[in-house]
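Below is the file coords_16.tsv, which contains TSV, C-alpha atoms.
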```tsv
chain	number	residue	atom	x	y	z
G	27	MET	CA	-55.96	-21.94	26.38
G	28	ASN	CA	-57.25	-25.14	24.75
G	29	GLY	CA	-58.72	-23.96	21.44
G	30	SER	CA	-56.84	-23.66	18.15
G	31	LEU	CA	-56.42	-20.49	16.09
G	32	PHE	CA	-56.06	-21.26	12.38
G	33	LEU	CA	-54.20	-18.54	10.48
G	34	LEU	CA	-54.77	-18.35	6.72
G	35	ILE	CA	-51.77	-16.50	5.33
G	36	GLY	CA	-50.95	-15.30	1.84
G	37	PRO	CA	-50.79	-12.30	-0.49
G	38	THR	CA	-53.69	-10.23	-1.77
G	39	GLY	CA	-55.70	-12.02	-4.43
G	40	VAL	CA	-54.95	-15.54	-3.25
G	41	GLY	CA	-58.53	-16.10	-2.07
G	42	LYS	CA	-58.20	-16.34	1.71
G	43	ASN	CA	-61.65	-14.91	2.51
G	44	THR	CA	-63.33	-17.06	-0.13
G	45	LEU	CA	-61.69	-20.17	1.31
G	46	ILE	CA	-62.79	-19.28	4.83
G	47	SER	CA	-66.37	-18.72	3.68
G	48	LYS	CA	-66.36	-22.20	2.07
G	49	VAL	CA	-64.74	-23.95	5.04
G	50	LEU	CA	-66.90	-22.55	7.85
G	51	PRO	CA	-70.17	-24.34	6.88
G	52	LEU	CA	-68.30	-27.65	6.67
G	53	ILE	CA	-66.84	-27.65	10.21
G	54	ASP	CA	-69.18	-27.05	13.15
G	55	SER	CA	-66.39	-26.66	15.69
G	56	ILE	CA	-64.77	-23.54	14.21
G	57	SER	CA	-65.84	-19.90	13.89
G	58	PHE	CA	-64.45	-16.83	12.18
G	59	LEU	CA	-62.34	-14.27	14.06
G	60	PRO	CA	-62.76	-10.83	12.42
G	61	SER	CA	-59.87	-8.39	12.40
G	62	PHE	CA	-60.22	-4.69	13.23
G	63	THR	CA	-59.54	-2.03	10.61
G	64	SER	CA	-59.63	1.75	10.38
G	65	ARG	CA	-60.58	1.75	6.69
G	66	SER	CA	-64.10	2.44	5.51
G	67	MET	CA	-66.63	-0.34	5.02
G	68	ARG	CA	-67.18	-1.40	1.40
G	69	SER	CA	-70.57	-2.01	-0.17
G	70	ASP	CA	-70.27	-5.82	0.01
G	71	GLU	CA	-69.20	-5.83	3.68
G	72	GLN	CA	-70.92	-5.59	7.04
G	73	GLU	CA	-69.80	-5.22	10.64
G	74	GLY	CA	-67.81	-8.28	11.63
G	75	LYS	CA	-67.73	-9.65	8.06
G	76	PRO	CA	-64.83	-9.62	7.47
G	77	TYR	CA	-63.78	-6.76	9.81
G	78	PHE	CA	-64.83	-4.74	12.81
G	79	PHE	CA	-64.74	-1.17	11.48
G	80	VAL	CA	-63.53	1.63	13.76
G	81	ASP	CA	-62.24	5.08	12.92
G	82	ARG	CA	-58.56	5.95	13.18
G	83	ASN	CA	-58.86	7.71	16.53
G	84	GLU	CA	-60.56	4.68	18.08
G	85	PHE	CA	-57.99	2.30	16.60
G	86	GLU	CA	-55.15	4.40	18.00
G	87	ARG	CA	-56.84	4.49	21.41
G	88	ARG	CA	-56.95	0.70	21.36
G	89	ILE	CA	-53.28	0.51	20.36
G	90	LEU	CA	-52.30	2.65	23.33
G	91	ASN	CA	-54.56	0.54	25.55
G	92	ASN	CA	-52.73	-2.64	24.40
G	93	ASP	CA	-55.98	-4.15	23.07
G	94	PHE	CA	-54.40	-5.94	20.08
G	95	ILE	CA	-52.39	-9.15	19.82
G	96	GLU	CA	-50.86	-7.60	16.71
G	97	TRP	CA	-51.51	-4.57	14.54
G	98	LYS	CA	-50.00	-3.03	11.42
G	99	PHE	CA	-50.32	0.30	9.61
G	100	VAL	CA	-50.65	-1.07	6.08
G	101	HIS	CA	-49.74	0.59	2.76
G	102	GLY	CA	-49.45	3.96	4.49
G	103	ASN	CA	-53.25	4.19	4.64
G	104	ASN	CA	-55.04	2.17	7.31
G	105	TYR	CA	-54.61	0.16	10.48
G	106	TYR	CA	-55.37	-3.57	10.70
G	107	GLY	CA	-55.15	-5.69	13.85
G	108	ILE	CA	-56.35	-8.74	15.78
G	109	GLY	CA	-58.21	-7.95	18.99
G	110	LYS	CA	-56.86	-9.57	22.13
G	111	SER	CA	-59.88	-10.11	24.41
G	112	LYS	CA	-62.20	-11.97	22.03
G	113	ALA	CA	-59.49	-14.29	20.73
G	114	GLU	CA	-58.26	-15.15	24.22
G	115	ASP	CA	-61.76	-15.68	25.63
G	116	VAL	CA	-62.80	-18.04	22.81
G	117	LEU	CA	-59.58	-20.05	22.93
G	118	LYS	CA	-59.75	-20.36	26.72
G	119	SER	CA	-63.23	-21.84	26.36
G	120	GLY	CA	-61.77	-24.58	24.16
G	121	LYS	CA	-63.38	-23.35	20.95
G	122	ASN	CA	-61.56	-22.92	17.64
G	123	LEU	CA	-61.11	-19.87	15.43
G	124	ILE	CA	-59.97	-19.10	11.90
G	125	THR	CA	-58.85	-15.77	10.44
G	126	ASP	CA	-56.89	-14.41	7.48
G	127	ILE	CA	-53.75	-12.36	8.00
G	128	GLU	CA	-50.61	-11.10	6.27
G	129	VAL	CA	-47.24	-12.72	6.99
G	130	LEU	CA	-45.76	-10.28	9.52
G	131	GLY	CA	-48.96	-10.19	11.55
G	132	ALA	CA	-48.99	-13.99	11.52
G	133	ILE	CA	-45.48	-14.06	12.98
G	134	ASP	CA	-46.56	-11.76	15.81
G	135	ILE	CA	-49.57	-13.95	16.65
G	136	ILE	CA	-47.54	-17.17	16.57
G	137	ASP	CA	-45.10	-15.54	18.94
G	138	TYR	CA	-47.93	-14.52	21.28
G	139	LEU	CA	-49.88	-17.82	21.11
G	140	PRO	CA	-47.30	-20.48	20.14
G	141	ARG	CA	-49.30	-23.41	21.55
G	142	ASN	CA	-52.60	-22.47	19.91
G	143	CYS	CA	-51.70	-21.37	16.38
G	144	VAL	CA	-51.88	-23.51	13.26
G	145	SER	CA	-50.48	-21.52	10.32
G	146	ILE	CA	-51.46	-22.28	6.72
G	147	PHE	CA	-49.95	-20.40	3.78
G	148	VAL	CA	-52.13	-20.20	0.66
G	149	GLY	CA	-50.39	-20.04	-2.71
G	150	ALA	CA	-51.98	-19.53	-6.13
G	151	GLY	CA	-49.75	-19.54	-9.18
G	152	SER	CA	-47.41	-16.78	-10.26
G	153	LYS	CA	-47.32	-13.12	-9.34
G	154	ASP	CA	-49.06	-12.35	-12.64
G	155	ASP	CA	-51.89	-14.76	-11.74
G	156	LEU	CA	-52.44	-12.93	-8.47
G	157	VAL	CA	-52.31	-9.50	-10.11
G	158	ASN	CA	-54.96	-10.62	-12.63
G	159	ARG	CA	-57.20	-11.77	-9.78
G	160	ILE	CA	-56.86	-8.38	-8.08
G	161	ILE	CA	-57.61	-6.50	-11.31
G	162	LYS	CA	-60.78	-8.56	-11.84
G	163	ARG	CA	-62.08	-7.33	-8.47
G	164	GLY	CA	-62.08	-3.80	-9.89
G	165	SER	CA	-62.23	-2.19	-6.44
G	166	LEU	CA	-58.72	-0.69	-6.22
G	167	SER	CA	-57.22	2.49	-7.62
G	168	GLU	CA	-54.11	2.26	-9.80
G	169	ASP	CA	-51.92	3.45	-6.90
G	170	ASP	CA	-53.39	0.85	-4.53
G	171	LEU	CA	-52.92	-1.84	-7.16
G	172	ASN	CA	-49.22	-0.95	-7.57
G	173	ILE	CA	-48.71	-1.11	-3.82
G	174	ARG	CA	-50.28	-4.57	-3.64
G	175	MET	CA	-48.21	-5.81	-6.56
G	176	GLU	CA	-45.03	-4.91	-4.69
G	177	ARG	CA	-46.37	-6.61	-1.57
G	178	ILE	CA	-47.14	-9.89	-3.38
G	179	GLU	CA	-43.47	-10.60	-4.09
G	180	PHE	CA	-42.53	-9.83	-0.47
G	181	GLU	CA	-45.17	-12.14	1.03
G	182	MET	CA	-44.49	-15.04	-1.32
G	183	ARG	CA	-40.94	-15.29	0.07
G	184	TYR	CA	-42.49	-16.63	3.28
G	185	GLU	CA	-44.53	-19.42	1.72
G	186	ASN	CA	-42.41	-22.26	3.17
G	187	HIS	CA	-42.17	-20.93	6.70
G	188	PHE	CA	-45.45	-21.95	8.25
G	189	ASP	CA	-47.03	-25.22	9.36
G	190	TYR	CA	-48.82	-26.01	6.10
G	191	PHE	CA	-48.92	-24.91	2.46
G	192	VAL	CA	-52.05	-25.28	0.30
G	193	TYR	CA	-52.41	-24.38	-3.37
G	194	ASN	CA	-55.55	-22.53	-4.40
G	195	ASP	CA	-55.55	-23.31	-8.10
G	196	ASN	CA	-58.74	-25.40	-7.86
G	197	LEU	CA	-61.11	-23.95	-5.24
G	198	ASP	CA	-62.90	-27.21	-4.36
G	199	GLU	CA	-59.65	-29.13	-3.97
G	200	CYS	CA	-58.14	-26.40	-1.83
G	201	VAL	CA	-61.23	-26.32	0.41
G	202	ASN	CA	-60.94	-30.11	0.84
G	203	ASP	CA	-57.27	-29.74	1.78
G	204	LEU	CA	-58.08	-27.07	4.34
G	205	VAL	CA	-60.90	-29.10	5.87
G	206	SER	CA	-58.58	-32.10	6.23
G	207	ILE	CA	-55.88	-29.99	7.90
G	208	ILE	CA	-58.30	-28.31	10.29
G	209	GLN	CA	-60.04	-31.55	11.30
G	210	PHE	CA	-56.69	-33.29	11.84
G	211	GLU	CA	-55.33	-30.46	13.99
G	212	ILE	CA	-58.52	-30.17	16.07
G	213	HIS	CA	-58.58	-33.93	16.67
G	214	ASN	CA	-54.92	-33.96	17.72
G	215	SER	CA	-54.79	-30.64	19.55
G	216	LYS	CA	-54.49	-32.25	22.98
G	217	TYR	CA	-51.25	-33.87	21.82
G	218	ARG	CA	-49.82	-30.64	20.41
G	219	ILE	CA	-46.57	-29.74	22.09
G	220	GLN	CA	-45.49	-26.19	22.88
G	221	LYS	CA	-44.25	-24.76	19.60
G	222	HIS	CA	-41.43	-22.32	19.34
G	223	ALA	CA	-42.55	-19.08	17.78
G	224	SER	CA	-42.17	-19.11	14.01
G	225	SER	CA	-38.63	-20.06	13.04
G	226	ILE	CA	-38.50	-16.86	11.00
G	227	LEU	CA	-37.99	-15.06	14.28
G	228	HIS	CA	-35.05	-17.16	15.42
G	229	TYR	CA	-32.50	-15.60	13.09
G	230	PHE	CA	-32.33	-11.88	12.66
G	231	ILE	CA	-29.79	-9.60	10.95
G	232	ILE	CA	-29.11	-5.99	11.92
G	233	ALA	CA	-27.36	-3.58	9.54
G	234	MET	CA	-25.15	-0.83	10.91
G	235	ILE	CA	-24.93	1.35	7.79
G	236	THR	CA	-22.83	4.52	7.65
G	237	ASN	CA	-22.09	6.91	4.80
G	238	LEU	CA	-19.03	8.93	3.84
G	239	LYS	CA	-20.16	11.73	6.19
G	240	ASN	CA	-19.94	9.25	9.08
G	241	GLU	CA	-23.71	9.41	9.54
G	242	ILE	CA	-25.71	6.30	10.44
G	243	LEU	CA	-28.90	5.10	8.75
G	244	LEU	CA	-31.94	4.55	10.97
G	245	VAL	CA	-35.45	3.37	10.15
G	246	ARG	CA	-38.86	3.48	11.80
G	247	GLN	CA	-42.32	2.25	10.87
G	248	LYS	CA	-44.66	4.95	9.64
G	249	SER	CA	-47.74	5.41	11.75
G	250	PRO	CA	-49.77	8.51	12.60
G	251	ILE	CA	-49.07	8.02	16.32
G	252	LEU	CA	-45.44	6.89	15.79
G	253	THR	CA	-45.36	4.06	18.32
G	254	SER	CA	-41.86	2.96	17.25
G	255	ASN	CA	-38.55	4.78	17.66
G	256	TRP	CA	-35.72	5.01	15.16
G	257	SER	CA	-33.54	1.89	15.00
G	258	MET	CA	-30.98	0.29	12.71
G	259	PRO	CA	-32.40	-1.59	9.70
G	260	SER	CA	-33.08	-5.25	10.44
G	261	THR	CA	-34.86	-8.22	8.90
G	262	HIS	CA	-35.67	-11.90	9.41
G	263	VAL	CA	-33.39	-14.50	7.88
G	264	LEU	CA	-35.60	-16.80	5.82
G	265	LYS	CA	-35.06	-20.55	5.78
G	266	ASP	CA	-33.79	-20.65	2.21
G	267	GLU	CA	-31.19	-17.89	2.56
G	268	SER	CA	-28.01	-17.12	4.47
G	269	PRO	CA	-27.61	-14.10	6.79
G	270	LYS	CA	-25.70	-12.34	4.01
G	271	ASP	CA	-28.52	-13.08	1.56
G	272	ALA	CA	-30.92	-11.49	4.05
G	273	LEU	CA	-28.61	-8.50	4.45
G	274	TYR	CA	-28.49	-7.96	0.69
G	275	ARG	CA	-32.27	-8.32	0.42
G	276	GLU	CA	-32.80	-5.67	3.12
G	277	LEU	CA	-30.27	-3.29	1.56
G	278	HIS	CA	-31.82	-3.69	-1.88
G	279	PHE	CA	-35.15	-2.76	-0.24
G	280	ILE	CA	-33.57	0.51	0.96
G	281	PHE	CA	-31.17	1.24	-1.93
G	282	THR	CA	-32.77	-0.06	-5.14
G	283	SER	CA	-29.82	1.31	-7.14
G	284	ILE	CA	-27.30	-0.82	-5.24
G	285	SER	CA	-24.47	-1.88	-7.56
G	286	GLN	CA	-22.89	-5.27	-8.21
G	287	GLU	CA	-19.73	-3.96	-6.54
G	288	SER	CA	-21.71	-3.20	-3.38
G	289	LYS	CA	-23.38	-6.61	-3.57
G	290	ASP	CA	-19.95	-8.29	-3.77
G	291	LEU	CA	-18.84	-6.27	-0.73
G	292	ILE	CA	-21.84	-7.47	1.26
G	293	TYR	CA	-20.99	-11.13	0.61
G	294	MET	CA	-17.41	-10.54	1.80
G	295	LEU	CA	-18.47	-9.01	5.14
G	296	THR	CA	-17.79	-10.62	8.50
G	297	PRO	CA	-20.37	-10.05	11.27
G	298	ILE	CA	-19.22	-7.59	13.94
G	299	SER	CA	-21.34	-9.27	16.63
G	300	GLU	CA	-23.53	-12.33	17.20
G	301	GLU	CA	-25.87	-12.79	20.14
G	302	LYS	CA	-28.29	-15.57	21.08
G	303	ARG	CA	-30.77	-15.05	23.91
G	304	PHE	CA	-33.96	-16.68	25.10
G	305	LEU	CA	-37.10	-14.60	24.86
G	306	GLU	CA	-40.49	-15.62	26.23
G	307	ASN	CA	-41.23	-18.40	23.73
G	308	HIS	CA	-38.16	-18.73	21.53
G	309	TYR	CA	-34.47	-18.13	21.06
G	310	HIS	CA	-33.60	-14.88	19.31
G	311	TYR	CA	-30.35	-14.99	17.37
G	312	GLU	CA	-29.02	-11.60	16.20
G	313	ILE	CA	-26.22	-11.16	13.68
G	314	GLU	CA	-24.95	-7.61	13.17
G	315	PHE	CA	-23.08	-6.41	10.10
G	316	LYS	CA	-21.34	-3.06	9.56
G	317	LEU	CA	-20.80	-1.48	6.15
G	318	VAL	CA	-20.39	1.88	4.42
G	319	LEU	CA	-22.85	2.82	1.66
G	320	ASP	CA	-23.29	6.26	0.17
G	321	LEU	CA	-26.40	5.69	-1.92
G	322	PRO	CA	-29.69	7.62	-2.23
G	323	LEU	CA	-32.59	6.36	-0.14
G	324	ILE	CA	-36.02	5.62	-1.55
G	325	GLN	CA	-39.37	6.36	0.02
G	326	LYS	CA	-41.48	3.46	1.30
G	327	ASP	CA	-45.16	3.45	2.18
G	328	ASN	CA	-44.79	1.89	5.63
G	329	TYR	CA	-41.23	2.87	6.58
G	330	GLU	CA	-39.14	5.99	6.64
G	331	PHE	CA	-35.33	6.10	6.52
G	332	LYS	CA	-33.05	8.90	7.64
G	333	TRP	CA	-29.34	9.59	8.08
G	334	PHE	CA	-28.40	10.71	11.61
G	335	SER	CA	-25.21	12.10	13.10
G	336	LEU	CA	-23.72	9.81	15.75
G	337	ALA	CA	-24.77	12.20	18.50
G	338	GLU	CA	-28.36	12.20	17.25
G	339	ALA	CA	-28.40	8.41	16.82
G	340	LYS	CA	-27.36	7.84	20.43
G	341	LYS	CA	-30.66	9.37	21.56
G	342	TYR	CA	-32.40	6.34	20.05
G	343	LEU	CA	-29.73	3.63	20.26
G	344	GLY	CA	-28.44	4.43	23.76
G	345	ASP	CA	-25.33	6.16	25.07
G	346	ASP	CA	-23.33	2.92	24.99
G	347	PHE	CA	-23.74	2.69	21.23
G	348	VAL	CA	-20.44	2.99	19.35
G	349	ILE	CA	-19.42	2.52	15.73
```
Could you quickly redo this structure as structure tokens?
Amino acid sequence: MNGSLFLLIGPTGVGKNTLISKVLPLIDSISFLPSFTSRSMRSDEQEGKPYFFVDRNEFERRILNNDFIEWKFVHGNNYYGIGKSKAEDVLKSGKNLITDIEVLGAIDIIDYLPRNCVSIFVGAGSKDDLVNRIIKRGSLSEDDLNIRMERIEFEMRYENHFDYFVYNDNLDECVNDLVSIIQFEIHNSKYRIQKHASSILHYFIIAMITNLKNEILLVRQKSPILTSNWSMPSTHVLKDESPKDALYRELHFIFTSISQESKDLIYMLTPISEEKRFLENHYHYEIEFKLVLDLPLIQKDNYEFKWFSLAEAKKYLGDDFVI
């Protein structure tokens, strides 16, 4: 595939769609790649701008048919995903595409198309600045707004992990920056070497967490068709943190009441296993930690957590699993 896929990444309110709408008329050799969604069309939208709208049953049929490069069930409400056939056909023809996407979806696409992707993270001031932008839109309920506020902090942790960073404080200047990046990458695409998938994927921590009842904590992504099984909690290790920092971040996500004593324990842990293996486009380095925590879980919109007996856990982790 010879074309380039430009991924505009960043939290809600940063202005990704506005930037794309400004950039497209300025570059003849690029077109917009709409995502698919199961949510309803809004009054200012139309088919293909900015989404292809399908109902939940149709989206789930496409998931099971492997029609998406990536898909996510977002905020516990709706599916979003990038269709496989259109993107591949356009890129194979040598044409270029641009789309907006959240950070985890971007990682999946970079992993799938490491030679073709150019990833650009868009930043815009503080979390409060972004929240004010969202409020001005006036199209979200209070519950939806709270969900997006929590998501902003999560996504901004990834701002230094992609090919480029642009700052959307001044719209015209940011558009000029994007145009320069896109034109440079298109001009030099024939010299682009095979990229590893995003370096976020290279280092991964897994947490084997037990409680005083000798139960083990497992997690799975919420989705109406439950395409994922229960597994141990895990997370990417970001470039500006150590594996133990990543472990604490993941545990604080699960146990918001985690104490300073527990935090100190985490930083004293020694990994129980480390494994490096080559996957299709990149090395995958896993670091596994084991610890005992007897804290109450919290509910998350996109994930559910549950304590399992060891016998129950083996159904999902395999018979060779041991603590």
Hey, what's within 12 Å of Asp271 (chain G) if we count all atoms listed in the file and toss same-chain stuff fewer than 2 positions away? As a PyMOL selection string, please?
chain G and resi 230-231+261-269+273-278+289-290+292-295
Please produce a file of those selected residues containing C-alpha atoms, as a compact mmCIF listing (two decimals), keeping the file's coordinate frame.
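And here's again_20.txt as it stands now:
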```txt
# COMPACT_ATOMS: atom_id res chain seq x y z
CA PHE G 230 -32.33 -11.88 12.66
CA ILE G 231 -29.79 -9.60 10.95
CA THR G 261 -34.86 -8.22 8.90
CA HIS G 262 -35.67 -11.90 9.41
CA VAL G 263 -33.39 -14.50 7.88
CA LEU G 264 -35.60 -16.80 5.82
CA LYS G 265 -35.06 -20.55 5.78
CA ASP G 266 -33.79 -20.65 2.21
CA GLU G 267 -31.19 -17.89 2.56
CA SER G 268 -28.01 -17.12 4.47
CA PRO G 269 -27.61 -14.10 6.79
CA LEU G 273 -28.61 -8.50 4.45
CA TYR G 274 -28.49 -7.96 0.69
CA ARG G 275 -32.27 -8.32 0.42
CA GLU G 276 -32.80 -5.67 3.12
CA LEU G 277 -30.27 -3.29 1.56
CA HIS G 278 -31.82 -3.69 -1.88
CA LYS G 289 -23.38 -6.61 -3.57
CA ASP G 290 -19.95 -8.29 -3.77
CA ILE G 292 -21.84 -7.47 1.26
CA TYR G 293 -20.99 -11.13 0.61
CA MET G 294 -17.41 -10.54 1.80
CA LEU G 295 -18.47 -9.01 5.14
```
May I ask for the distance between CA of Ile242 (chain G) and CA of Phe180 (chain G), given in Å to one decimal place?
25.7 Å
Nearest-residue call for Glu301 (chain G), choices G:Leu90, G:Val201, G:Glu338, G:Glu314, using all atoms listed in the file
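Counting all atoms listed in the file, the residue closest to Glu301 (chain G) is G:Glu314.
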Please determine the residues with any atom at most 12 Å from (-63.8, -20.0, 4.9) (coordinates as given in the file, with only C-alpha atoms counting) and report them as a PyMOL selection string.
chain G and resi 32-34+41-53+56-60+75-76+123-126+197-198+200-202+204-205+208
With distances taken over all atoms listed in the file, which residue among G:Phe79, G:Ile108, G:Asp115, G:Arg303 lies nearest Asn92 (chain G)?
G:Ile108
Between CA of Arg177 (chain G) and CA of Gly149 (chain G), what is the spacing in Å?
14.1 Å
Computed interatomic separation between CA of Thr282 (chain G) and CA of Ile324 (chain G) (Å):
7.5 Å
Best match for closeness to Val129 (chain G) among G:Ser111, G:Gln209, G:Thr38, G:Asn104, counting all atoms listed in the file
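Residue with the minimum atom-to-atom distance to Val129 (chain G): G:Thr38.
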Would you list the contacts of Leu323 (chain G) as a list of chain:residue names, taking every protein, DNA or RNA residue within 9 Å and counting all atoms listed in the file, but skipping same-chain residues closer than 2 positions in sequence?
G:Ile280, G:Phe281, G:Thr282, G:Leu321, G:Gln325, G:Phe331, G:Lys332
Please, what is the axis-aligned box for every listed atom of region 292-303 of chain G with 5 Å on each side, as centre and edge lengths in Å to one decimal, as JSON?
```
{"center_x": -24.1, "center_y": -11.5, "center_z": 12.3, "size_x": 23.4, "size_y": 18.1, "size_z": 33.3}
```
